[in-house]
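Raw contents of start15.cif, mmCIF, C-alpha atoms and all ligand atoms:
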```cif
data_data
loop_
_atom_site.label_atom_id
_atom_site.label_comp_id
_atom_site.auth_asym_id
_atom_site.auth_seq_id
_atom_site.Cartn_x
_atom_site.Cartn_y
_atom_site.Cartn_z
CA MET L 15 82.34 271.22 -25.49
CA ARG L 16 82.19 270.90 -21.74
CA ARG L 17 82.21 267.12 -22.07
CA LEU L 18 85.30 267.29 -24.29
CA ALA L 19 87.09 269.49 -21.70
CA LEU L 20 86.27 266.95 -18.99
CA SER L 21 87.61 264.07 -21.12
CA LEU L 22 90.82 265.95 -21.78
CA SER L 23 91.35 266.64 -18.09
CA LEU L 24 90.77 262.95 -17.33
CA LEU L 25 93.36 262.04 -19.94
CA ALA L 26 95.81 264.49 -18.38
CA THR L 27 95.23 262.87 -14.99
CA PHE L 28 96.06 259.42 -16.34
CA ALA L 29 99.09 260.73 -18.22
CA ALA L 30 100.51 262.19 -15.00
CA THR L 31 100.06 258.87 -13.19
CA PRO L 32 102.05 256.31 -15.20
CA ALA L 33 100.87 253.35 -13.19
CA LEU L 34 98.27 252.60 -10.60
CA ALA L 35 99.45 251.02 -7.39
CA ASP L 36 97.87 247.66 -8.12
CA ASN L 37 99.71 247.03 -11.39
CA ILE L 38 103.28 248.11 -10.58
CA PRO L 39 104.67 244.54 -10.77
CA GLU L 40 103.07 244.03 -14.20
CA THR L 41 105.03 247.00 -15.56
CA ALA L 42 108.35 245.42 -14.53
CA ARG L 43 110.85 244.20 -17.11
CA ILE L 44 113.98 242.29 -16.12
CA VAL L 45 116.33 242.10 -19.08
CA ALA L 46 119.70 240.33 -19.12
CA THR L 47 121.96 242.56 -21.19
CA ASP L 48 125.53 243.79 -21.34
CA LYS L 49 124.45 247.15 -22.80
CA LEU L 50 123.91 250.38 -20.87
CA PRO L 51 120.49 251.93 -21.39
CA GLU L 52 120.73 254.68 -24.03
CA GLY L 53 121.51 258.00 -22.38
CA LEU L 54 123.46 256.58 -19.43
CA THR L 55 127.23 256.39 -18.98
CA PHE L 56 129.32 254.15 -16.74
CA THR L 57 130.30 257.22 -14.72
CA GLU L 58 126.67 257.53 -13.65
CA VAL L 59 126.32 253.79 -12.93
CA THR L 60 129.64 252.80 -11.32
CA GLY L 61 131.27 256.14 -10.58
CA LEU L 62 134.10 255.04 -12.90
CA ASP L 63 134.41 255.23 -16.66
CA VAL L 64 134.24 251.44 -16.98
CA GLY L 65 131.95 248.59 -16.02
CA GLN L 66 130.21 245.43 -17.09
CA VAL L 67 126.42 245.58 -17.29
CA GLU L 68 124.63 242.38 -16.19
CA GLN L 69 120.96 243.26 -16.34
CA VAL L 70 118.57 246.19 -16.48
CA VAL L 71 115.31 246.30 -14.56
CA THR L 72 112.58 248.84 -15.35
CA TRP L 73 109.18 249.55 -13.82
CA LEU L 74 106.55 252.26 -13.60
CA ASP L 75 105.07 253.55 -10.39
CA GLY L 76 103.63 256.73 -8.90
CA ASP L 77 107.06 258.40 -9.02
CA GLY L 78 107.50 257.62 -12.73
CA GLU L 79 109.68 255.38 -14.90
CA HIS L 80 112.45 253.61 -12.98
CA VAL L 81 115.60 252.17 -14.53
CA ALA L 82 117.88 250.01 -12.35
CA VAL L 83 121.24 248.97 -13.77
CA PHE L 84 123.02 245.93 -12.31
CA ALA L 85 126.73 246.08 -13.09
CA ASN L 86 130.17 245.12 -11.86
CA THR L 87 133.80 246.10 -12.17
CA SER L 88 136.71 243.76 -11.58
CA LYS L 89 140.48 243.81 -11.74
CA THR L 90 143.45 241.61 -11.11
CA GLY L 91 146.81 242.63 -9.77
CA VAL L 92 150.07 240.94 -8.81
CA LYS L 93 152.11 241.87 -5.76
CA ASP L 94 155.15 239.88 -4.54
CA ASP L 95 154.32 237.08 -7.01
CA THR L 96 150.82 236.74 -5.56
CA ARG L 97 147.74 237.33 -7.68
CA TYR L 98 144.96 239.44 -6.18
CA ASP L 99 141.42 239.77 -7.54
CA SER L 100 138.96 242.53 -6.76
CA LYS L 101 135.33 242.85 -7.74
CA VAL L 102 132.64 245.41 -7.03
CA LEU L 103 128.89 244.97 -7.55
CA TYR L 104 126.66 247.96 -8.33
CA VAL L 105 122.93 248.51 -8.46
CA THR L 106 122.08 252.06 -9.47
CA VAL L 107 118.46 253.17 -9.67
CA PHE L 108 117.36 256.11 -11.79
CA LEU L 109 114.11 257.91 -12.46
CA LYS L 110 113.81 258.66 -16.16
CA LYS L 111 112.03 261.94 -16.80
CA ASN L 112 111.82 263.59 -20.23
CA GLY L 113 114.69 261.42 -21.45
CA LYS L 114 116.93 262.46 -18.53
CA PHE L 115 118.11 260.14 -15.76
CA GLN L 116 118.00 261.26 -12.11
CA LYS L 117 119.81 259.01 -9.65
CA VAL L 118 117.47 257.79 -6.89
CA GLN L 119 119.93 255.63 -4.99
CA ASN L 120 122.87 253.34 -5.55
CA ILE L 121 124.25 250.22 -3.91
CA LYS L 122 127.92 249.31 -4.03
CA GLU L 123 129.45 246.16 -2.57
CA ALA L 124 133.20 245.59 -2.85
CA VAL L 125 135.30 242.52 -2.26
CA GLN L 126 138.71 243.83 -1.34
CA PRO L 127 141.84 242.48 -3.02
CA CYS L 128 141.53 238.73 -2.51
CA GLU L 129 144.31 236.18 -2.99
CA LEU L 130 141.99 233.18 -2.47
CA ASP L 131 138.74 232.31 -4.32
CA LEU L 132 136.71 235.45 -4.90
CA THR L 133 132.92 235.42 -5.10
CA ALA L 134 130.81 238.49 -5.84
CA ARG L 135 127.61 237.84 -7.73
CA PHE L 136 123.93 238.56 -7.85
CA LEU L 137 121.73 235.60 -7.01
CA PRO L 138 119.73 234.18 -9.91
CA GLY L 139 116.01 234.36 -9.19
CA SER L 140 116.35 237.00 -6.48
CA VAL L 141 115.39 240.00 -8.58
CA THR L 142 111.76 241.04 -8.22
CA VAL L 143 109.63 244.16 -8.48
CA THR L 144 106.69 244.16 -6.11
CA ASN L 145 104.35 246.53 -4.36
CA ALA L 146 103.86 244.48 -1.23
CA ASP L 147 102.44 247.34 0.84
CA GLU L 148 100.14 248.51 -1.98
CA ASP L 149 101.21 252.15 -1.87
CA ALA L 150 102.30 254.12 -4.96
CA GLN L 151 105.96 253.00 -4.92
CA GLY L 152 107.39 249.78 -6.30
CA GLU L 153 109.98 247.77 -4.40
CA LEU L 154 113.07 246.41 -6.14
CA THR L 155 114.46 243.36 -4.33
CA PHE L 156 117.71 241.54 -5.12
CA GLY L 157 120.21 239.32 -3.39
CA TYR L 158 123.94 238.78 -3.74
CA VAL L 159 126.82 236.93 -2.13
CA THR L 160 130.40 238.00 -1.56
CA ARG L 161 133.30 235.95 -0.36
CA CYS L 162 137.09 235.64 -0.25
CA ALA L 163 138.03 232.20 1.02
CA GLY L 164 139.79 229.01 0.02
CA ASP L 165 137.58 226.52 1.84
CA VAL L 166 133.99 225.31 1.65
CA SER L 167 132.01 227.74 3.80
CA PRO L 168 129.08 230.15 3.57
CA SER L 169 129.38 233.47 1.75
CA LEU L 170 128.31 236.81 3.13
CA MET L 171 124.80 237.26 1.77
CA LYS L 172 122.46 240.23 1.53
CA VAL L 173 118.92 240.62 0.27
CA LEU L 174 118.19 244.30 -0.28
CA MET L 175 114.88 245.97 -0.94
CA LEU L 176 114.80 249.48 -2.39
CA GLU L 177 111.63 251.56 -2.33
CA GLY L 178 112.00 255.18 -3.40
CA LYS L 179 114.89 256.55 -1.34
CA GLN L 180 114.49 253.84 1.30
CA LYS L 181 116.78 250.84 1.61
CA TYR L 182 115.93 247.77 3.67
CA ALA L 183 118.22 244.79 4.18
CA LEU L 184 118.59 241.22 5.33
CA ARG L 185 122.26 240.58 6.12
CA GLY L 186 123.75 237.24 6.98
CA GLU L 187 125.30 234.14 5.43
CA SER L 188 124.33 231.81 2.64
CA ARG L 189 123.58 228.18 3.52
CA VAL L 190 126.02 225.44 2.58
CA ASN L 191 125.49 221.70 2.84
CA LEU L 192 128.73 220.10 4.01
CA GLY L 193 127.36 216.57 3.68
CA THR L 194 127.22 215.82 7.38
CA GLU L 195 125.71 219.16 8.36
CA THR L 196 124.29 222.36 6.96
CA VAL L 197 125.92 225.62 7.99
CA GLY L 198 124.93 229.28 7.56
CA GLY L 199 121.54 230.53 6.40
CA THR L 200 121.01 232.96 9.27
CA PHE L 201 120.39 236.68 8.84
CA LYS L 202 119.50 239.86 10.67
CA ALA L 203 116.75 242.12 9.37
CA ASP L 204 117.23 245.87 9.07
CA PHE L 205 113.80 246.96 7.94
CA LYS L 206 113.36 250.01 10.16
CA LYS L 207 109.66 250.82 10.25
CA ALA L 208 108.81 249.20 6.93
CA PRO L 209 105.38 247.59 6.59
CA ALA L 210 105.48 243.89 7.55
CA ALA L 211 104.61 242.84 4.00
CA LEU L 212 107.96 244.15 2.74
CA LEU L 213 109.96 242.12 5.26
CA GLU L 214 107.88 239.05 4.41
CA HIS L 215 108.75 239.35 0.73
CA ALA L 216 112.46 239.79 1.45
CA LYS L 217 112.44 236.71 3.71
CA LYS L 218 110.76 234.72 0.95
CA ILE L 219 113.53 235.72 -1.49
CA TRP L 220 116.18 234.85 1.11
CA LYS L 221 114.75 231.37 1.65
CA ALA L 222 114.49 230.74 -2.09
CA THR L 223 118.08 231.77 -2.89
CA GLN L 224 120.18 231.07 0.22
CA ASP L 225 121.56 227.67 -0.86
CA THR L 226 124.77 228.78 -2.53
CA MET L 227 128.39 229.28 -1.68
CA CA L 301 105.41 249.84 -2.16
#
```
So, in terms of structure tokens, how does the structure I just supplied come out?
Amino acid sequence: MRRLALSLSLLATFAATPALADNIPETARIVATDKLPEGLTFTEVTGLDVGQVEQVVTWLDGDGEHVAVFANTSKTGVKDDTRYDSKVLYVTVFLKKNGKFQKVQNIKEAVQPCELDLTARFLPGSVTVTNADEDAQGELTFGYVTRCAGDVSPSLMKVLMLEGKQKYALRGESRVNLGTETVGGTFKADFKKAPAALLEHAKKIWKATQDTM
């Protein structure tokens, strides 16, 4: 009987810890979809009652089950015969507990009404879930570019890393090959007191995705 009680308490311990630190990345799922996860509304994701879902990323760590929704909103207007485009990117991270979603943090990046060529998009291949510092919290990393211009020039680029309530960032410009020279590609790191391994991962993602307008 005593042995059974011990087994049950061990089971309870494992149930309360959804994932061990060393397998957080293996629990990650990155799914391209235009559907909101069941139980979420656009109001919770974009702050509006509309939006376009692009992908949903989930992972388990010491805090529980995370659900990150990548979405955008866009609109077009005309003023004085000129067409203006606007687009906003959103990444909203939730903890899902007992079927309910608690917002952990959200990222919003807007390109203001633009009468030239508008760019606002997540960078393919930039989305990763890691646990570079081997604690109990996973890190969600993603990059995106924004731009309103009519020429060939770098975009504003960011690679963000979210861990729990923390947000770390590389901010700079994408790199563009003009034929005779390459411009852009520089960034500044805002990683506060994050462990060096986190900054290293973000730099790796930057280097892998920076060649875009
Ligand atoms: Ca971590």
Within 7 Å of Asn120 (chain L) using all atoms listed in the file, minus same-chain residues under 4 positions, as a ChimeraX atom specification: /L:105-107
Saved selection, atoms kept: C-alpha atoms, as a short mmCIF file (atom, residue, chain, number, x, y, z; two decimals), in the frame of the given file:
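Saved as part_34.cif:
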```cif
data_model
loop_
_atom_site.label_atom_id
_atom_site.label_comp_id
_atom_site.auth_asym_id
_atom_site.auth_seq_id
_atom_site.Cartn_x
_atom_site.Cartn_y
_atom_site.Cartn_z
CA VAL L 105 122.93 248.51 -8.46
CA THR L 106 122.08 252.06 -9.47
CA VAL L 107 118.46 253.17 -9.67
#
```
Could you state the separation of CA of Gly76 (chain L) and CA of Arg185 (chain L) in Å, given to one decimal place?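 Answer for the CA of Gly76 (chain L) to CA of Arg185 (chain L) separation: 28.9 Å.
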Which residue of L:Leu109, L:Val197, L:Leu103, L:Leu176 approaches Leu154 (chain L) most closely, using only C-alpha atoms: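 Of all the options, L:Leu176 lies closest to Leu154 (chain L).
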So which one's closest to Glu79 (chain L), L:Asn112, L:Thr160, L:Thr133, L:Thr155? Using all atoms listed in the file, please.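 The answer is L:Asn112, which sits nearest to Glu79 (chain L).
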Taking only C-alpha atoms and all ligand atoms into account, report as number ranges by chain which residues have an atom no farther than 12 Å from an atom of ligand CA 301 (chain L). L: 34-39, 74-77, 143-155, 175-180, 208-213, 215
Selection export as a PDB file, in the frame of the given file, atoms kept: C-alpha atoms:
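Okay, this is what ended up in part_21.pdb:
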```pdb
ATOM      1  CA  LEU L  34      98.270 252.600 -10.600  1.00  0.00           C
ATOM      2  CA  ALA L  35      99.450 251.020  -7.390  1.00  0.00           C
ATOM      3  CA  ASP L  36      97.870 247.660  -8.120  1.00  0.00           C
ATOM      4  CA  ASN L  37      99.710 247.030 -11.390  1.00  0.00           C
ATOM      5  CA  ILE L  38     103.280 248.110 -10.580  1.00  0.00           C
ATOM      6  CA  PRO L  39     104.670 244.540 -10.770  1.00  0.00           C
ATOM      7  CA  LEU L  74     106.550 252.260 -13.600  1.00  0.00           C
ATOM      8  CA  ASP L  75     105.070 253.550 -10.390  1.00  0.00           C
ATOM      9  CA  GLY L  76     103.630 256.730  -8.900  1.00  0.00           C
ATOM     10  CA  ASP L  77     107.060 258.400  -9.020  1.00  0.00           C
ATOM     11  CA  VAL L 143     109.630 244.160  -8.480  1.00  0.00           C
ATOM     12  CA  THR L 144     106.690 244.160  -6.110  1.00  0.00           C
ATOM     13  CA  ASN L 145     104.350 246.530  -4.360  1.00  0.00           C
ATOM     14  CA  ALA L 146     103.860 244.480  -1.230  1.00  0.00           C
ATOM     15  CA  ASP L 147     102.440 247.340   0.840  1.00  0.00           C
ATOM     16  CA  GLU L 148     100.140 248.510  -1.980  1.00  0.00           C
ATOM     17  CA  ASP L 149     101.210 252.150  -1.870  1.00  0.00           C
ATOM     18  CA  ALA L 150     102.300 254.120  -4.960  1.00  0.00           C
ATOM     19  CA  GLN L 151     105.960 253.000  -4.920  1.00  0.00           C
ATOM     20  CA  GLY L 152     107.390 249.780  -6.300  1.00  0.00           C
ATOM     21  CA  GLU L 153     109.980 247.770  -4.400  1.00  0.00           C
ATOM     22  CA  LEU L 154     113.070 246.410  -6.140  1.00  0.00           C
ATOM     23  CA  THR L 155     114.460 243.360  -4.330  1.00  0.00           C
ATOM     24  CA  MET L 175     114.880 245.970  -0.940  1.00  0.00           C
ATOM     25  CA  LEU L 176     114.800 249.480  -2.390  1.00  0.00           C
ATOM     26  CA  GLU L 177     111.630 251.560  -2.330  1.00  0.00           C
ATOM     27  CA  GLY L 178     112.000 255.180  -3.400  1.00  0.00           C
ATOM     28  CA  LYS L 179     114.890 256.550  -1.340  1.00  0.00           C
ATOM     29  CA  GLN L 180     114.490 253.840   1.300  1.00  0.00           C
ATOM     30  CA  ALA L 208     108.810 249.200   6.930  1.00  0.00           C
ATOM     31  CA  PRO L 209     105.380 247.590   6.590  1.00  0.00           C
ATOM     32  CA  ALA L 210     105.480 243.890   7.550  1.00  0.00           C
ATOM     33  CA  ALA L 211     104.610 242.840   4.000  1.00  0.00           C
ATOM     34  CA  LEU L 212     107.960 244.150   2.740  1.00  0.00           C
ATOM     35  CA  LEU L 213     109.960 242.120   5.260  1.00  0.00           C
ATOM     36  CA  HIS L 215     108.750 239.350   0.730  1.00  0.00           C
TER      37      HIS L 215
END
```
Place a sphere of radius 10 Å on (123.6, 239.5, -12.3) in the file coordinates and name every protein, DNA or RNA residue with an atom inside or on its surface, counting only C-alpha atoms; give the answer as an MDAnalysis selection string. chainID L and resid 46:47 67:70 83:86 103:105 134:141 156:158
Shortest interatomic distance to Gly61 (chain L) - which of L:Val102, L:Ser169, L:Asp95, L:Ala42, counting all atoms listed in the file: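 For Gly61 (chain L), the nearest of the given residues is L:Val102.
One finds CA of Val81 (chain L) at 5.1 Å from CA of Phe108 (chain L).
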Measuring atom to atom with only C-alpha atoms, identify which of L:Val59, L:Ala183, L:Gln116, L:Leu132 is nearest to Ser88 (chain L). L:Leu132
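The nearest approach to Val118 (chain L) among the residues L:Lys181, L:Lys172, L:Lys101, L:Lys202, with only C-alpha atoms taken into account, belongs to L:Lys181.
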Give the answer as one residue: which of L:Arg189, L:His80, L:Lys49, L:Lys89 has the shortest atom-to-atom distance to Thr223 (chain L), using all atoms listed in the file?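 Using all atoms listed in the file, the shortest distance to Thr223 (chain L) belongs to L:Arg189.
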Computed interatomic separation between CA of Cys128 (chain L) and CA of Val92 (chain L) (Å): 10.8 Å
Step by step, gather every atom of region 119-122 of chain L that the file lists, find the box along x, y and z that holds them, add 5 Å on each side, and finally give centre and edge lengths in Å to one decimal, as JSON.
```
{"center_x": 123.9, "center_y": 252.5, "center_z": -4.7, "size_x": 18.0, "size_y": 16.3, "size_z": 11.6}
```
Counting only C-alpha atoms, which residues sit no farther than 10 Å from the position (132.0, 233.5, 0.1) in the file's frame? I'd like them as a ChimeraX atom specification. /L:125,131-135,159-171,187-188,226-227
Save out the residues we just selected, C-alpha atoms, as a CSV table (one decimal), in the coordinates of the input.
```csv
chain,number,residue,atom,x,y,z
L,125,VAL,CA,135.3,242.5,-2.3
L,131,ASP,CA,138.7,232.3,-4.3
L,132,LEU,CA,136.7,235.4,-4.9
L,133,THR,CA,132.9,235.4,-5.1
L,134,ALA,CA,130.8,238.5,-5.8
L,135,ARG,CA,127.6,237.8,-7.7
L,159,VAL,CA,126.8,236.9,-2.1
L,160,THR,CA,130.4,238.0,-1.6
L,161,ARG,CA,133.3,236.0,-0.4
L,162,CYS,CA,137.1,235.6,-0.2
L,163,ALA,CA,138.0,232.2,1.0
L,164,GLY,CA,139.8,229.0,0.0
L,165,ASP,CA,137.6,226.5,1.8
L,166,VAL,CA,134.0,225.3,1.6
L,167,SER,CA,132.0,227.7,3.8
L,168,PRO,CA,129.1,230.2,3.6
L,169,SER,CA,129.4,233.5,1.8
L,170,LEU,CA,128.3,236.8,3.1
L,171,MET,CA,124.8,237.3,1.8
L,187,GLU,CA,125.3,234.1,5.4
L,188,SER,CA,124.3,231.8,2.6
L,226,THR,CA,124.8,228.8,-2.5
L,227,MET,CA,128.4,229.3,-1.7
```
Only C-alpha atoms, as an mmCIF file, in the first residue's frame: that is what I want for region 182-208 of chain L.
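To be explicit, this is the file written out as out31.cif:
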```cif
data_model
loop_
_atom_site.group_PDB
_atom_site.id
_atom_site.type_symbol
_atom_site.label_atom_id
_atom_site.label_comp_id
_atom_site.auth_asym_id
_atom_site.auth_seq_id
_atom_site.Cartn_x
_atom_site.Cartn_y
_atom_site.Cartn_z
ATOM 1 C CA TYR L 182 14.671 40.657 -25.697
ATOM 2 C CA ALA L 183 15.362 42.254 -29.067
ATOM 3 C CA LEU L 184 17.781 42.772 -31.903
ATOM 4 C CA ARG L 185 16.759 45.904 -33.805
ATOM 5 C CA GLY L 186 18.292 47.098 -37.033
ATOM 6 C CA GLU L 187 18.006 46.773 -40.798
ATOM 7 C CA SER L 188 17.778 43.879 -43.196
ATOM 8 C CA ARG L 189 20.627 43.383 -45.677
ATOM 9 C CA VAL L 190 20.124 44.172 -49.352
ATOM 10 C CA ASN L 191 22.486 43.417 -52.208
ATOM 11 C CA LEU L 192 22.433 46.348 -54.633
ATOM 12 C CA GLY L 193 24.723 44.614 -57.120
ATOM 13 C CA THR L 194 27.721 46.848 -56.576
ATOM 14 C CA GLU L 195 27.461 46.864 -52.788
ATOM 15 C CA THR L 196 25.600 45.346 -49.877
ATOM 16 C CA VAL L 197 23.800 47.694 -47.513
ATOM 17 C CA GLY L 198 22.145 47.204 -44.110
ATOM 18 C CA GLY L 199 22.462 44.126 -41.929
ATOM 19 C CA THR L 200 23.462 45.971 -38.771
ATOM 20 C CA PHE L 201 21.587 45.761 -35.476
ATOM 21 C CA LYS L 202 21.681 46.776 -31.836
ATOM 22 C CA ALA L 203 21.050 44.210 -29.119
ATOM 23 C CA ASP L 204 18.683 44.906 -26.237
ATOM 24 C CA PHE L 205 19.120 41.782 -24.165
ATOM 25 C CA LYS L 206 19.311 43.367 -20.718
ATOM 26 C CA LYS L 207 20.873 40.815 -18.385
ATOM 27 C CA ALA L 208 19.858 37.761 -20.390
#
```
